[in-house]
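The file start-v5.cif comes next; it holds mmCIF, C-alpha atoms.
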```cif
data_model
#
loop_
_atom_site.label_atom_id
_atom_site.label_comp_id
_atom_site.auth_asym_id
_atom_site.auth_seq_id
_atom_site.Cartn_x
_atom_site.Cartn_y
_atom_site.Cartn_z
CA MET J 855 0.00 0.00 0.00
CA ALA J 856 2.64 2.49 1.07
CA ILE J 857 4.82 1.48 -1.87
CA THR J 858 2.04 2.10 -4.39
CA LEU J 859 1.35 5.50 -2.87
CA PHE J 860 5.08 6.21 -2.93
CA TYR J 861 5.36 5.56 -6.66
CA ILE J 862 2.23 7.54 -7.52
CA THR J 863 3.46 10.50 -5.48
CA SER J 864 6.93 10.26 -7.00
CA ALA J 865 5.40 10.43 -10.46
CA VAL J 866 3.37 13.46 -9.44
CA ALA J 867 6.45 15.18 -8.00
CA VAL J 868 8.62 14.54 -11.07
CA PHE J 869 5.87 15.53 -13.49
CA ALA J 870 5.10 18.74 -11.58
CA THR J 871 8.81 19.65 -11.50
CA VAL J 872 9.20 19.04 -15.24
CA MET J 873 6.14 21.18 -15.92
CA MET J 874 7.57 23.84 -13.59
CA ILE J 875 10.88 24.23 -15.40
CA THR J 876 9.22 24.28 -18.82
CA ARG J 877 6.57 26.94 -18.10
CA LEU J 878 7.23 30.26 -19.81
CA ASN J 879 5.19 32.19 -17.28
CA ALA J 880 6.51 32.55 -13.73
CA VAL J 881 3.06 32.28 -12.14
CA HIS J 882 2.26 29.04 -13.97
CA GLY J 883 5.63 27.69 -12.89
CA LEU J 884 4.83 28.69 -9.34
CA LEU J 885 1.58 26.69 -9.41
CA TYR J 886 3.44 23.57 -10.47
CA LEU J 887 6.23 24.22 -7.97
CA ILE J 888 3.68 24.30 -5.14
CA LEU J 889 2.31 20.98 -6.40
CA SER J 890 5.82 19.54 -6.45
CA LEU J 891 6.43 20.65 -2.86
CA LEU J 892 3.10 19.22 -1.70
CA ALA J 893 3.95 15.90 -3.36
CA VAL J 894 7.29 15.83 -1.57
CA GLY J 895 5.40 16.54 1.65
CA VAL J 896 3.27 13.45 1.06
CA LEU J 897 6.48 11.50 0.43
CA PHE J 898 7.82 12.65 3.79
CA PHE J 899 4.67 11.39 5.44
CA LEU J 900 4.97 8.03 3.71
CA LEU J 901 8.59 7.82 4.82
CA GLY J 902 7.54 8.20 8.45
CA ALA J 903 8.76 11.77 8.88
CA HIS J 904 5.47 13.33 9.93
CA PHE J 905 6.98 16.43 11.49
CA ALA J 906 9.01 17.19 8.37
CA ALA J 907 5.90 16.69 6.23
CA VAL J 908 3.99 19.28 8.24
CA LEU J 909 6.88 21.73 8.04
CA GLU J 910 7.18 21.16 4.29
CA VAL J 911 3.56 22.14 3.75
CA ILE J 912 3.50 25.05 6.19
CA ILE J 913 6.88 26.65 5.53
CA TYR J 914 7.82 25.64 2.00
CA ALA J 915 4.46 25.53 0.24
CA GLY J 916 2.98 28.15 2.53
CA ALA J 917 5.46 30.82 3.56
CA ILE J 918 8.25 30.69 0.98
CA MET J 919 5.85 30.45 -1.97
CA VAL J 920 3.95 33.47 -0.64
CA LEU J 921 7.24 35.39 -0.83
CA PHE J 922 7.54 34.41 -4.49
CA VAL J 923 3.97 35.52 -5.18
CA PHE J 924 4.66 38.85 -3.48
CA VAL J 925 7.74 39.53 -5.57
CA ILE J 926 6.12 38.45 -8.84
CA MET J 927 3.22 40.76 -8.14
CA MET J 928 5.52 43.62 -7.13
CA LEU J 929 7.43 43.35 -10.38
CA ASN J 930 4.32 43.62 -12.53
CA GLN J 931 3.02 47.12 -11.97
CA GLY J 932 1.50 49.40 -14.55
CA GLN J 933 -1.32 49.43 -17.07
CA LYS J 934 -0.56 46.14 -18.76
CA THR J 935 -1.09 44.26 -15.51
CA ILE J 936 -4.81 43.79 -16.11
CA GLU J 937 -4.37 42.10 -19.47
CA GLN J 938 -1.56 40.03 -17.97
CA GLU J 939 -3.77 38.86 -15.12
CA ARG J 940 -6.49 37.99 -17.58
CA ALA J 941 -4.05 35.94 -19.62
CA TRP J 942 -2.72 34.23 -16.47
CA LEU J 943 -6.13 33.23 -15.21
CA GLN J 944 -7.34 31.44 -18.31
CA PRO J 945 -9.38 28.41 -17.23
CA GLY J 946 -7.18 25.96 -19.12
CA ILE J 947 -4.18 26.83 -16.97
CA TRP J 948 -5.79 25.43 -13.85
CA ILE J 949 -6.54 21.98 -15.25
CA GLY J 950 -3.04 20.55 -14.84
CA PRO J 951 -2.33 21.69 -11.27
CA SER J 952 -5.90 20.87 -10.20
CA LEU J 953 -5.56 17.35 -11.55
CA LEU J 954 -2.28 16.80 -9.69
CA ALA J 955 -3.74 18.29 -6.51
CA PHE J 956 -6.72 15.97 -6.89
CA ILE J 957 -4.39 12.96 -7.07
CA LEU J 958 -2.68 14.07 -3.86
CA PHE J 959 -6.07 14.64 -2.22
CA VAL J 960 -7.21 11.13 -3.13
CA GLU J 961 -3.99 9.78 -1.64
CA MET J 962 -4.64 11.69 1.56
CA LEU J 963 -8.18 10.30 1.70
CA ALA J 964 -6.82 6.81 1.15
CA ILE J 965 -4.35 7.25 4.00
CA VAL J 966 -7.06 8.55 6.34
CA VAL J 967 -9.70 5.97 5.39
CA LEU J 968 -7.41 2.95 5.48
CA ASP J 969 -6.11 4.16 8.88
CA GLY J 970 -2.76 2.52 9.30
CA GLY J 971 -2.74 0.88 5.91
CA ALA J 972 -0.01 3.27 4.85
CA GLU J 973 2.12 2.83 7.97
CA THR J 974 5.81 2.46 7.35
CA ASP J 975 8.18 0.71 9.70
CA HIS J 976 10.29 3.65 10.82
CA VAL J 977 8.14 6.44 12.16
CA VAL J 978 10.26 9.17 13.74
CA ASN J 979 7.81 11.38 15.60
CA ALA J 980 8.10 15.02 16.57
CA LYS J 981 9.11 14.19 20.15
CA GLN J 982 12.25 12.35 19.07
CA VAL J 983 13.10 15.17 16.69
CA GLY J 984 12.62 17.77 19.41
CA ILE J 985 14.75 15.88 21.92
CA ALA J 986 17.56 15.50 19.41
CA LEU J 987 17.19 19.10 18.23
CA TYR J 988 17.61 20.62 21.69
CA GLY J 989 20.13 18.07 22.85
CA PRO J 990 23.11 17.30 20.63
CA TYR J 991 22.07 19.77 17.94
CA LEU J 992 21.68 22.84 20.13
CA LEU J 993 24.59 24.61 18.46
CA ALA J 994 23.03 23.99 15.04
CA VAL J 995 19.79 25.62 16.23
CA GLU J 996 21.73 28.68 17.38
CA LEU J 997 23.56 28.83 14.07
CA ALA J 998 20.25 28.55 12.20
CA SER J 999 18.88 31.47 14.19
CA MET J 1000 21.97 33.52 13.36
CA LEU J 1001 21.53 32.61 9.70
CA LEU J 1002 17.92 33.73 9.75
CA LEU J 1003 18.90 37.00 11.42
CA ALA J 1004 21.57 37.58 8.78
CA GLY J 1005 19.04 36.78 6.06
CA LEU J 1006 16.58 39.25 7.57
CA VAL J 1007 19.14 42.05 7.76
CA GLY J 1008 20.42 41.26 4.28
CA ALA J 1009 16.96 41.20 2.72
CA TYR J 1010 16.05 44.47 4.42
CA HIS J 1011 19.23 46.13 3.22
CA LEU J 1012 19.11 44.78 -0.33
CA ALA J 1013 15.46 45.54 -1.00
CA LYS J 1014 15.67 49.18 0.09
CA PRO J 1015 14.67 51.67 -2.62
CA ILE J 1016 17.46 52.87 -4.84
CA ILE J 1017 16.63 56.59 -4.50
CA LYS J 1018 18.81 57.31 -1.49
CA VAL J 1019 21.89 55.85 -3.18
CA GLU J 1020 21.40 58.04 -6.24
CA GLU J 1021 21.03 61.19 -4.18
CA LYS J 1022 24.39 60.61 -2.52
CA SER J 1023 26.37 60.09 -5.69
CA MET Z 794 7.10 -5.31 5.89
CA ASN Z 795 5.92 -2.66 3.51
CA GLY Z 796 8.96 -0.43 3.67
CA ILE Z 797 9.85 1.84 0.83
CA PRO Z 798 13.20 0.83 -0.71
CA MET Z 799 15.87 3.39 0.08
CA GLU Z 800 17.37 3.20 -3.42
CA HIS Z 801 14.16 4.38 -5.01
CA GLY Z 802 13.86 7.26 -2.61
CA LEU Z 803 17.43 8.33 -3.31
CA LEU Z 804 16.83 7.91 -7.04
CA LEU Z 805 13.80 10.17 -6.86
CA SER Z 806 15.85 12.70 -4.90
CA ALA Z 807 18.57 12.59 -7.58
CA VAL Z 808 16.02 13.03 -10.37
CA LEU Z 809 14.46 16.04 -8.66
CA PHE Z 810 17.91 17.52 -8.02
CA VAL Z 811 18.94 17.12 -11.67
CA LEU Z 812 15.65 18.65 -12.80
CA GLY Z 813 16.31 21.65 -10.57
CA LEU Z 814 19.86 21.91 -11.90
CA VAL Z 815 18.59 21.81 -15.48
CA GLY Z 816 16.15 24.56 -14.56
CA VAL Z 817 18.94 26.72 -13.12
CA LEU Z 818 21.11 26.20 -16.20
CA VAL Z 819 18.45 26.51 -18.90
CA ARG Z 820 16.07 29.19 -17.67
CA ARG Z 821 17.12 32.82 -17.95
CA ASN Z 822 14.37 34.39 -15.88
CA LEU Z 823 15.80 35.19 -12.43
CA ILE Z 824 12.60 34.19 -10.62
CA MET Z 825 12.54 30.84 -12.43
CA ILE Z 826 16.20 30.33 -11.47
CA LEU Z 827 15.34 30.94 -7.81
CA MET Z 828 12.42 28.51 -8.04
CA SER Z 829 14.68 25.85 -9.53
CA LEU Z 830 17.09 26.44 -6.65
CA GLU Z 831 14.20 25.71 -4.31
CA VAL Z 832 13.61 22.41 -6.10
CA MET Z 833 17.29 21.51 -5.68
CA LEU Z 834 17.26 22.29 -1.94
CA ASN Z 835 14.04 20.35 -1.56
CA ALA Z 836 15.56 17.32 -3.29
CA THR Z 837 18.51 17.45 -0.89
CA GLY Z 838 16.09 17.49 2.03
CA LEU Z 839 14.30 14.50 0.57
CA ALA Z 840 17.58 12.57 0.45
CA PHE Z 841 18.17 13.34 4.14
CA ILE Z 842 14.65 12.26 5.07
CA VAL Z 843 15.02 9.01 3.13
CA ALA Z 844 18.27 8.23 4.92
CA GLY Z 845 16.80 9.16 8.29
CA SER Z 846 13.82 6.90 7.61
CA ARG Z 847 16.09 4.05 6.58
CA TRP Z 848 17.91 4.02 9.93
CA GLY Z 849 15.00 5.25 12.04
CA GLN Z 850 16.96 8.19 13.38
CA ALA Z 851 15.84 11.76 13.97
CA ASP Z 852 19.00 13.25 12.44
CA GLY Z 853 17.57 13.21 8.93
CA GLN Z 854 14.66 15.41 9.93
CA ILE Z 855 16.98 17.76 11.79
CA MET Z 856 19.12 18.19 8.69
CA PHE Z 857 15.91 18.87 6.77
CA LEU Z 858 15.04 21.56 9.30
CA LEU Z 859 18.42 23.19 8.79
CA ILE Z 860 17.97 23.04 5.01
CA LEU Z 861 14.56 24.64 5.46
CA THR Z 862 16.18 27.48 7.41
CA LEU Z 863 18.80 27.87 4.72
CA ALA Z 864 16.13 27.96 2.01
CA ALA Z 865 14.16 30.62 3.85
CA ALA Z 866 17.20 32.85 4.29
CA GLU Z 867 18.31 32.26 0.71
CA VAL Z 868 14.90 33.14 -0.71
CA GLY Z 869 14.72 36.31 1.36
CA VAL Z 870 18.10 37.56 0.21
CA GLY Z 871 17.63 36.31 -3.35
CA LEU Z 872 14.28 37.99 -3.82
CA GLY Z 873 15.70 41.20 -2.35
CA LEU Z 874 18.44 41.03 -4.97
CA VAL Z 875 15.87 40.35 -7.70
CA LEU Z 876 13.89 43.44 -6.66
CA GLN Z 877 17.04 45.56 -6.71
CA ILE Z 878 18.09 44.22 -10.12
CA PHE Z 879 14.65 44.92 -11.53
CA ARG Z 880 14.77 48.48 -10.20
CA ARG Z 881 18.19 49.15 -11.71
CA PHE Z 882 18.00 47.34 -15.04
CA HIS Z 883 14.23 46.99 -15.61
CA THR Z 884 14.67 43.39 -16.69
CA LEU Z 885 14.81 39.94 -15.14
CA ASP Z 886 16.92 38.41 -17.88
CA ALA Z 887 20.07 36.92 -16.37
CA ASP Z 888 21.93 37.22 -19.69
CA SER Z 889 21.50 40.98 -19.83
CA LEU Z 890 23.31 41.37 -16.52
CA ASN Z 891 26.68 40.20 -17.78
CA GLY Z 892 28.41 43.58 -17.67
CA MET Z 893 30.65 44.39 -14.72
CA LYS Z 894 31.75 47.78 -13.51
CA GLY Z 895 35.49 48.43 -13.41
#
```
Re-express the file's structure as structure tokens.
Amino acid sequence: MAITLFYITSAVAVFATVMMITRLNAVHGLLYLILSLLAVGVLFFLLGAHFAAVLEVIIYAGAIMVLFVFVIMMLNQGQKTIEQERAWLQPGIWIGPSLLAFILFVEMLAIVVLDGGAETDHVVNAKQVGIALYGPYLLAVELASMLLLAGLVGAYHLAKPIIKVEEKS
Amino acid sequence: MNGIPMEHGLLLSAVLFVLGLVGVLVRRNLIMILMSLEVMLNATGLAFIVAGSRWGQADGQIMFLLILTLAAAEVGVGLGLVLQIFRRFHTLDADSLNGMKG
């Protein structure tokens, strides 16, 4: 059972990634990228890494993709935006991602309904991860927090408007 | 015993990584390059999870957490750079940014 689900999800992930790198439009690519990340999240669940699966959906498919959407929308200002949006939201565009999402949804239903039918042998739950994270890996957590702080400062500095720099020179 | 074979998981991870690499090399839109980088990082995380699942240890998930942190920081800085490049050059084409000052 788990093996069948694994192969189906792998096919979905690979197909979504191929579609992502061949899309000409960034928003269409983003749709397929989200599908790819969700499929990898299902794979994490099937591999027994439930905590990582939740984080994959919340942080990768949720937070990081929202950043991409923000930037894509920020870069498309002006009058031609309306026609662009109309072209982006053609009904045909949604068929592919919806189909893939439907496959993942059916898999989720199968996992819930069969209740334990998709259990793998090595389930590493969140408690074990937390104990290891704040035990031997404490230094890595501190380093990750420093990295995030550096990323925050760097993003704030880099994305500042250019006007001030031009006034100085 | 319905375990998922580790080789297949690692193979899938390699395929996803190569697809991301192809995306980075082939695409010239900066946003698409960043998205392909995300795919590559995600494939690396998948490899760690597969290995962690194979030995039943939590270390794989912890490495995935660290990769997640790295991806978040990288996307923040990368998208800041993309915004700045778009403001200065009014394009997102990586090939048009090949001139250096000095």
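Residues of chain Z lying within 7 Å of chain J, counting only C-alpha atoms, are Z:Asn795, Z:Gly796, Z:Ile797, Z:Leu805, Z:Leu809, Z:Leu812, Z:Gly816, Z:Met825, Z:Ile842, Z:Val843, Z:Ser846, Z:Gly849, Z:Gln850, Z:Ala851, Z:Gln854, Z:Ile855, Z:Leu859, Z:Thr862, Z:Ala865, Z:Ala866, Z:Gly869, Z:Val870, Z:Leu872, Z:Gly873, Z:Leu874, Z:Leu876, Z:Gln877.
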Problem - Evaluate the PyMOL selection byres ((chain Z and resi 829) around 7) and report residues as a ChimeraX atom specification - result: /Z:813-814,816-817,825-828,830-833
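Take the candidates J:Leu993, J:Glu937, J:Tyr886, J:Val896 and check each one against Val960 (chain J) using only C-alpha atoms; the shortest distance goes to J:Val896.
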Completion exercise
Here CA of Ala840 (chain Z) and CA of Val808 (chain Z) stand apart by 10.9 Å
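Note that the spacing between CA of Lys894 (chain Z) and CA of Arg881 (chain Z) amounts to 13.7 Å.
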Would you compute, for all listed atoms of region 899-914 of chain J, the axis-aligned bounding box grown by 4 Å on each side, and then report its centre and edge lengths in Å rounded to one decimal, as lines of an AutoDock Vina configuration file?
```
center_x = 6.3
center_y = 17.2
center_z = 6.7
size_x = 13.5
size_y = 26.8
size_z = 17.5
```
